[in-house]
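Okay, my_file-v7.cif now, which holds mmCIF, C-alpha atoms:
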data_coords
loop_
_atom_site.group_PDB
_atom_site.id
_atom_site.type_symbol
_atom_site.label_atom_id
_atom_site.label_comp_id
_atom_site.auth_asym_id
_atom_site.auth_seq_id
_atom_site.Cartn_x
_atom_site.Cartn_y
_atom_site.Cartn_z
ATOM 1 C CA MET A 294 -31.151 32.956 -23.175
ATOM 2 C CA ASN A 295 -28.770 35.100 -21.150
ATOM 3 C CA PHE A 296 -25.269 34.141 -20.019
ATOM 4 C CA LEU A 297 -26.344 33.058 -16.510
ATOM 5 C CA ASN A 298 -29.010 30.703 -17.867
ATOM 6 C CA VAL A 299 -26.523 29.164 -20.309
ATOM 7 C CA PHE A 300 -23.970 28.737 -17.518
ATOM 8 C CA LEU A 301 -26.490 27.049 -15.205
ATOM 9 C CA PHE A 302 -27.711 24.778 -18.017
ATOM 10 C CA VAL A 303 -24.145 23.641 -18.789
ATOM 11 C CA LEU A 304 -23.394 23.163 -15.091
ATOM 12 C CA PHE A 305 -26.454 20.959 -14.476
ATOM 13 C CA ALA A 306 -26.048 19.060 -17.749
ATOM 14 C CA SER A 307 -22.424 18.218 -16.972
ATOM 15 C CA SER A 308 -23.229 17.046 -13.429
ATOM 16 C CA ALA A 309 -26.078 14.862 -14.717
ATOM 17 C CA SER A 310 -23.938 13.340 -17.452
ATOM 18 C CA ALA A 311 -21.237 12.470 -14.905
ATOM 19 C CA ARG A 312 -23.652 9.977 -13.318
ATOM 20 C CA VAL A 313 -24.214 7.992 -16.518
ATOM 21 C CA GLY A 314 -22.510 4.587 -16.713
ATOM 22 C CA PRO A 315 -21.237 2.267 -13.980
ATOM 23 C CA PRO A 316 -21.682 3.748 -10.509
ATOM 24 C CA HIS A 317 -18.205 2.861 -9.334
ATOM 25 C CA ARG A 318 -14.794 2.646 -10.905
ATOM 26 C CA LEU A 319 -12.361 -0.187 -10.251
ATOM 27 C CA LEU A 320 -8.780 0.792 -9.456
ATOM 28 C CA LYS A 321 -6.530 -1.906 -10.900
ATOM 29 C CA ALA A 322 -3.392 -3.146 -9.133
ATOM 30 C CA GLU A 323 -0.099 -2.097 -10.693
ATOM 31 C CA ASN A 324 2.294 -4.400 -12.522
ATOM 32 C CA GLY A 325 -0.045 -7.394 -12.566
ATOM 33 C CA ARG A 326 0.179 -7.842 -8.795
ATOM 34 C CA GLY A 327 -3.575 -8.058 -8.354
ATOM 35 C CA ILE A 328 -5.042 -10.987 -6.466
ATOM 36 C CA PRO A 329 -7.804 -12.542 -8.606
ATOM 37 C CA ASP A 330 -11.355 -11.821 -7.361
ATOM 38 C CA GLU A 331 -10.177 -9.959 -4.226
ATOM 39 C CA TYR A 332 -11.259 -6.365 -3.705
ATOM 40 C CA VAL A 333 -10.722 -3.667 -1.084
ATOM 41 C CA VAL A 334 -13.835 -1.494 -0.765
ATOM 42 C CA LEU A 335 -13.637 1.847 1.045
ATOM 43 C CA LEU A 336 -16.925 3.508 1.960
ATOM 44 C CA GLY A 337 -18.107 6.952 3.011
ATOM 45 C CA LYS A 338 -18.548 7.830 6.681
ATOM 46 C CA LYS A 339 -22.292 7.089 6.773
ATOM 47 C CA ALA A 340 -22.163 3.661 5.103
ATOM 48 C CA ASP A 341 -22.697 0.398 6.990
ATOM 49 C CA PRO A 342 -20.032 -2.131 5.861
ATOM 50 C CA ARG A 343 -21.702 -5.097 7.559
ATOM 51 C CA GLY A 344 -25.096 -4.274 6.030
ATOM 52 C CA ILE A 345 -23.557 -4.055 2.555
ATOM 53 C CA LEU A 346 -21.777 -7.374 3.088
ATOM 54 C CA GLN A 347 -25.061 -8.982 4.175
ATOM 55 C CA GLY A 348 -26.655 -7.782 0.949
ATOM 56 C CA LEU A 349 -23.718 -9.149 -1.046
ATOM 57 C CA ARG A 350 -24.061 -12.555 0.630
ATOM 58 C CA ASN A 351 -27.809 -12.560 0.020
ATOM 59 C CA GLY A 352 -27.174 -11.952 -3.695
ATOM 60 C CA GLY A 353 -26.416 -15.645 -4.201
ATOM 61 C CA GLN A 354 -22.729 -15.282 -5.120
ATOM 62 C CA ALA A 355 -19.992 -17.096 -3.235
ATOM 63 C CA THR A 356 -18.483 -14.414 -1.004
ATOM 64 C CA GLN A 357 -15.642 -14.658 1.482
ATOM 65 C CA VAL A 358 -15.160 -11.670 3.794
ATOM 66 C CA LEU A 359 -11.462 -11.236 4.496
ATOM 67 C CA HIS A 360 -11.617 -8.158 6.735
ATOM 68 C CA VAL A 361 -14.076 -5.463 7.848
ATOM 69 C CA TYR A 362 -12.818 -1.917 8.557
ATOM 70 C CA GLU A 363 -14.919 0.090 11.009
ATOM 71 C CA ASN A 364 -12.575 2.394 12.922
ATOM 72 C CA GLY A 365 -10.111 4.592 10.981
ATOM 73 C CA VAL A 366 -11.943 3.994 7.701
ATOM 74 C CA LYS A 367 -15.128 2.171 6.781
ATOM 75 C CA GLY A 368 -15.037 -0.672 4.313
ATOM 76 C CA PHE A 369 -14.038 -4.271 3.782
ATOM 77 C CA THR A 370 -11.846 -6.667 1.871
ATOM 78 C CA VAL A 371 -13.735 -9.443 0.129
ATOM 79 C CA ARG A 372 -13.239 -12.333 -2.285
ATOM 80 C CA THR A 373 -16.168 -12.413 -4.715
ATOM 81 C CA ASN A 374 -17.308 -11.909 -8.282
ATOM 82 C CA LEU A 375 -16.777 -8.322 -9.484
ATOM 83 C CA ASN A 376 -20.240 -8.073 -11.062
ATOM 84 C CA ALA A 377 -21.845 -9.172 -7.788
ATOM 85 C CA LEU A 378 -19.809 -6.555 -5.937
ATOM 86 C CA PHE A 379 -20.837 -3.796 -8.371
ATOM 87 C CA ASN A 380 -24.463 -4.902 -8.003
ATOM 88 C CA ALA A 381 -24.302 -4.807 -4.193
ATOM 89 C CA LEU A 382 -22.825 -1.295 -4.296
ATOM 90 C CA LYS A 383 -25.005 0.175 -7.053
ATOM 91 C CA ASN A 384 -27.078 2.331 -4.680
ATOM 92 C CA ILE A 385 -24.193 3.357 -2.415
ATOM 93 C CA ASP A 386 -22.484 6.719 -2.940
ATOM 94 C CA ASP A 387 -18.884 7.568 -2.071
ATOM 95 C CA VAL A 388 -17.305 4.171 -2.769
ATOM 96 C CA THR A 389 -13.770 3.284 -3.846
ATOM 97 C CA ILE A 390 -13.111 -0.244 -5.116
ATOM 98 C CA GLU A 391 -9.523 -1.347 -5.523
ATOM 99 C CA GLU A 392 -8.156 -4.665 -6.660
ATOM 100 C CA ASN A 393 -6.354 -6.276 -3.725
ATOM 101 C CA GLN A 394 -2.670 -6.730 -4.436
ATOM 102 C CA VAL A 395 0.605 -8.175 -3.262
ATOM 103 C CA VAL A 396 2.852 -5.602 -1.578
ATOM 104 C CA ASN A 397 6.557 -6.105 -0.877
ATOM 105 C CA VAL A 398 8.412 -4.120 1.775
ATOM 106 C CA SER A 399 12.124 -3.669 1.091
ATOM 107 C CA SER A 400 13.060 -2.032 4.416
ATOM 108 C CA VAL A 401 11.566 -1.048 7.734
#
Encoded form (structure tokens):
Amino acid sequence: MNFLNVFLFVLFASSASARVGPPHRLLKAENGRGIPDEYVVLLGKKADPRGILQGLRNGGQATQVLHVYENGVKGFTVRTNLNALFNALKNIDDVTIEENQVVNVSSV
């Protein structure tokens, strides 16, 4: 096996192994300021936030949509079970899930 073949094997093996495990990572709020069961979900440009939310609602979990983002960014803020959210997003690429949190502004 020459150097190029070894390099390509390692490259493909590492990219395949990166996809093992949960499809999306949860970004936790800092300093315990997270709001229980509330999540901000940011999606890639081609995703349909309303379609994903419909699938989440059809999953049988209690879901409250707090806001849908469709202009500057695509995504939504939702109150639901985290496992149900992961399940609804399992086939969607380019997703960021962040725990919603309390933010204080000290000056304007």
Q) For this file, the PyMOL selection byres ((chain A and resi 368) around 7) selects which residues, as a ChimeraX atom specification? A) /A:334-336,342,361-363,366-367,369
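Evaluated against this file, the PyMOL selection byres ((chain A and resi 391-400) around 6) yields Leu319, Leu320, Lys321, Ala322, Arg326, Gly327, Ile328, Glu331, Tyr332, Val333, Ile390 and Val401 of chain A.
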Q: Tell me which protein, DNA and RNA residues are within 12 Å of Ala355 (chain A), counting all atoms listed in the file, leaving out same-chain ones fewer than 4 positions away, and put them as a PyMOL selection string.
A: chain A and resi 330+346+349-351+371-378
Q: Mind giving me the straight-line distance from CA of Lys339 (chain A) to CA of Asp386 (chain A) in Å, one decimal?
A: 9.7 Å
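You will find CA of Val358 (chain A) at 6.3 Å from CA of Thr370 (chain A).
Shortest atom-to-atom contact with Gly344 (chain A) among A:Ile385, A:Asn364, A:Pro329, A:Leu359: A:Ile385, counting all atoms listed in the file.
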Rebuild N, CA and C atoms on region 352-365 of chain A, as a short mmCIF file (atom, residue, chain, number, x, y, z; two decimals), keeping the file's coordinate frame?
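And here's selection-v5.cif as it stands now:
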data_model
loop_
_atom_site.label_atom_id
_atom_site.label_comp_id
_atom_site.auth_asym_id
_atom_site.auth_seq_id
_atom_site.Cartn_x
_atom_site.Cartn_y
_atom_site.Cartn_z
N GLY A 352 -27.07 -12.01 -2.25
CA GLY A 352 -27.17 -11.95 -3.70
C GLY A 352 -26.95 -13.28 -4.38
N GLY A 353 -26.57 -14.31 -3.64
CA GLY A 353 -26.42 -15.64 -4.20
C GLY A 353 -25.03 -15.97 -4.72
N GLN A 354 -24.09 -15.02 -4.66
CA GLN A 354 -22.73 -15.28 -5.12
C GLN A 354 -21.88 -15.78 -3.96
N ALA A 355 -20.94 -16.65 -4.26
CA ALA A 355 -19.99 -17.10 -3.24
C ALA A 355 -19.16 -15.89 -2.81
N THR A 356 -19.18 -15.59 -1.52
CA THR A 356 -18.48 -14.41 -1.00
C THR A 356 -17.73 -14.80 0.25
N GLN A 357 -16.45 -14.43 0.29
CA GLN A 357 -15.64 -14.66 1.48
C GLN A 357 -15.17 -13.30 1.98
N VAL A 358 -15.58 -12.93 3.19
CA VAL A 358 -15.16 -11.67 3.79
C VAL A 358 -13.79 -11.89 4.42
N LEU A 359 -12.82 -11.10 3.99
CA LEU A 359 -11.46 -11.24 4.50
C LEU A 359 -11.19 -10.30 5.67
N HIS A 360 -11.79 -9.10 5.63
CA HIS A 360 -11.62 -8.16 6.74
C HIS A 360 -12.68 -7.07 6.63
N VAL A 361 -13.14 -6.58 7.79
CA VAL A 361 -14.08 -5.46 7.85
C VAL A 361 -13.37 -4.32 8.57
N TYR A 362 -13.42 -3.12 7.98
CA TYR A 362 -12.82 -1.92 8.56
C TYR A 362 -13.93 -1.04 9.10
N GLU A 363 -13.86 -0.72 10.41
CA GLU A 363 -14.92 0.09 11.01
C GLU A 363 -14.39 1.24 11.85
N ASN A 364 -13.10 1.35 12.05
CA ASN A 364 -12.58 2.39 12.92
C ASN A 364 -11.99 3.57 12.14
N GLY A 365 -10.74 3.49 11.70
CA GLY A 365 -10.11 4.59 10.98
C GLY A 365 -10.80 4.90 9.67
#
